[in-house]
Amino acid sequence: MMKLFDAHCHLQDSRILSKTPQLIKTAQDKGIVRFVVNGVCEQDWHLVKQMAETYPCVIPCFGLHPWFVAERSPNWFKTLKEYFDSTPSAAVGEIGVDKGSQGRKIDFSEQVEVLRKQLELAKELNKPASVHCVRAFGDLLELMKSMGPFPAGVILHSYLGSAEMVPEFSKLGAYFSLSGFLMSLKANKAQKMLKMVSSDRILLETDAPDALPNSNIDSLLFVEGDETLNHPANIHNVLDYVASLLEITKEELAELSYQNAVRLFSYEGSKVLQE
């Protein structure tokens, strides 16, 4: 069976937390061997830490997401650093900048300030960082240029930026993580962007419980209230779609993306991730 590595998800999300044991089991049965679980605010970092302690397949990430910047406590950064002190295997994330409908509600200069502090911490600790970016790729690129490069890697999660920016971000240490959101782009635009991504910089993710793939192949869905949510096993839908656009086999892409993720998240001081 192909081995797959979900490079970005939120299994601690309150909408699915009670189902996490079953979600992980179903996904593992379908070949997904690692899940990079990203905290988004001070209130959920302890859940991510507990999950990583319970499930060896979970790689924990701690970060302050731009949507939660306005709610941060005066001690947020001190608390964040304490999580990294007590969890040496953790990466940084989810952090970022957002000028979309949700992000516009939060002061952009504050978003940038909070992102800069967390990117500086990632560099200082030599950890990869998972970055959310919506309609702000120019701003993100300028910030990374002013701080970079990032030898431990920056994961541009659910990347939907332009093909032209791919080489610029790559020079700074970026990896390009692809989710079901890619299916919202026109296929020719998505393909043009993908063809610019070096094979050693490509990752696959689900962003579960969000980013439900708009796919012809069967998706594993579950409904919570009136919401249809994404399952981590749906990384297979992303794999199929990206492989078709890159005109390579699913097996080739699975192996490439798996090895890239193992290399990225096996930074010094982390758990050994080789099987």
# chains A, B, ... in the order shown; residues from 1 in each chain; ligands from 1

call {"tool": "closest_atom_pairs", "arguments": {"of": "stretch 33-147 of chain A", "to": "stretch 223-244 of chain A", "cutoff": "12 Å", "atoms": "only C-alpha atoms", "output": "JSON lines"}}
result
{"residue": "A:Val33", "atom": "CA", "partner": "A:Ala233", "partner_atom": "CA", "distance": 10.6}
{"residue": "A:Arg34", "atom": "CA", "partner": "A:Pro232", "partner_atom": "CA", "distance": 10.4}
{"residue": "A:Phe35", "atom": "CA", "partner": "A:Pro232", "partner_atom": "CA", "distance": 8.4}
{"residue": "A:Val36", "atom": "CA", "partner": "A:Pro232", "partner_atom": "CA", "distance": 10.8}
{"residue": "A:Val37", "atom": "CA", "partner": "A:Pro232", "partner_atom": "CA", "distance": 11.0}

call {"tool": "residues_around", "arguments": {"residues": "A:Leu17", "least_positions_apart": "4", "cutoff": "12 Å", "atoms": "only C-alpha atoms", "output": "count of residues only"}}
result
17

call {"tool": "residues_around", "arguments": {"residues": "stretch 59-69 of chain A", "least_positions_apart": "5", "cutoff": "8 Å", "atoms": "only C-alpha atoms", "output": "ChimeraX atom specification"}}
result
/A:34-42,45,48-49,51-52,80,83-84,89-98,102-103,106,110-111,114-115,118,132

call {"tool": "residues_around", "arguments": {"residues": "A:Met193", "least_positions_apart": "4", "cutoff": "12 Å", "atoms": "only C-alpha atoms", "output": "list of chain:residue names"}}
result
A:Tyr159, A:Leu160, A:Gly161, A:Ser162, A:Ala163, A:Glu164, A:Met165, A:Val166, A:Pro167, A:Phe176, A:Leu178, A:Leu182, A:Leu185, A:Lys186, A:Ala187, A:Asn188, A:Lys189, A:Val197, A:Ser198, A:Ile202, A:Val242, A:Leu245, A:Leu246

call {"tool": "select_by_dssp", "arguments": {"residues": "stretch 52-251 of chain A", "states": "strand (DSSP E)", "output": "ChimeraX atom specification"}}
result
/A:58-62,91-98,129-134,154-156,174-178,202-204,221-224,227-230

call {"tool": "write_last_selection", "arguments": {"atoms": "C-alpha atoms", "output": "JSON list (two decimals), in the first residue's frame"}}
result
[["chain", "number", "residue", "atom", "x", "y", "z"],
["A", 58, "VAL", "CA", 0.57, 12.83, 15.22],
["A", 59, "ILE", "CA", 3.18, 15.55, 14.74],
["A", 60, "PRO", "CA", 2.16, 18.54, 16.87],
["A", 61, "CYS", "CA", 2.35, 22.17, 15.73],
["A", 62, "PHE", "CA", 1.70, 25.22, 17.86],
["A", 91, "ALA", "CA", 6.79, 22.37, 14.55],
["A", 92, "VAL", "CA", 5.41, 25.92, 14.26],
["A", 93, "GLY", "CA", 1.90, 26.44, 12.92],
["A", 94, "GLU", "CA", -0.61, 27.44, 11.93],
["A", 95, "ILE", "CA", 0.54, 31.03, 11.49],
["A", 96, "GLY", "CA", 0.08, 33.50, 8.65],
["A", 97, "VAL", "CA", -1.64, 36.49, 7.09],
["A", 98, "ASP", "CA", -5.13, 36.84, 5.66],
["A", 129, "ALA", "CA", 6.60, 26.59, 10.05],
["A", 130, "SER", "CA", 3.19, 26.03, 8.47],
["A", 131, "VAL", "CA", 1.85, 29.28, 7.00],
["A", 132, "HIS", "CA", -1.70, 30.26, 6.07],
["A", 133, "CYS", "CA", -1.93, 32.92, 3.36],
["A", 134, "VAL", "CA", -5.12, 34.28, 1.77],
["A", 154, "VAL", "CA", 8.27, 27.13, 5.50],
["A", 155, "ILE", "CA", 5.17, 25.17, 4.46],
["A", 156, "LEU", "CA", 2.81, 27.28, 2.34],
["A", 174, "ALA", "CA", 9.31, 27.20, 0.97],
["A", 175, "TYR", "CA", 7.45, 23.94, 0.47],
["A", 176, "PHE", "CA", 4.09, 23.91, -1.33],
["A", 177, "SER", "CA", 1.37, 21.91, 0.38],
["A", 178, "LEU", "CA", -1.71, 21.09, -1.69],
["A", 202, "ILE", "CA", 5.74, 19.26, -2.93],
["A", 203, "LEU", "CA", 3.53, 18.15, -0.03],
["A", 204, "LEU", "CA", -0.04, 16.86, 0.25],
["A", 221, "LEU", "CA", -17.69, 12.61, 4.45],
["A", 222, "PHE", "CA", -19.31, 13.07, 7.77],
["A", 223, "VAL", "CA", -21.98, 15.50, 8.83],
["A", 224, "GLU", "CA", -21.90, 17.46, 12.07],
["A", 227, "GLU", "CA", -22.09, 20.98, 8.07],
["A", 228, "THR", "CA", -20.39, 18.42, 5.81],
["A", 229, "LEU", "CA", -16.81, 17.98, 6.96],
["A", 230, "ASN", "CA", -13.61, 16.69, 5.41]]

call {"tool": "select_by_dssp", "arguments": {"residues": "stretch 46-182 of chain A", "states": "helix (DSSP H, G or I)", "output": "NGL selection string"}}
result
:A and (46-54 or 66-71 or 76-86 or 103-105 or 108-125 or 137-147 or 166-171 or 180-182)

call {"tool": "atom_distance", "arguments": {"atom1": "atom CA of A:Phe77", "atom2": "atom CA of A:Ser109"}}
result
17.1 Å

call {"tool": "atom_distance", "arguments": {"atom1": "atom CA of A:Ala261", "atom2": "atom CA of A:Ala27"}}
result
17.1 Å

call {"tool": "residues_around", "arguments": {"residues": "A:Lys127", "least_positions_apart": "2", "cutoff": "6 Å", "atoms": "only C-alpha atoms", "output": "VMD selection string"}}
result
chain A and resid 91 122 125 152

call {"tool": "write_last_selection", "arguments": {"atoms": "C-alpha atoms", "output": "PDB file, in the first residue's frame"}}
result
ATOM      1  CA  ALA A  91       6.790  22.375  14.546  1.00  0.00           C
ATOM      2  CA  ALA A 122      10.863  29.105  14.006  1.00  0.00           C
ATOM      3  CA  LEU A 125      14.473  26.953  17.089  1.00  0.00           C
ATOM      4  CA  ALA A 152      14.272  24.415   8.279  1.00  0.00           C
TER       5      ALA A 152
END

call {"tool": "closest_residue", "arguments": {"among": "A:Arg263, A:Lys99, A:His46, A:Arg116", "to": "A:Pro128", "atoms": "only C-alpha atoms"}}
result
A:Arg263

call {"tool": "atom_distance", "arguments": {"atom1": "atom CA of A:Leu212", "atom2": "atom CA of A:Glu71"}}
result
27.3 Å
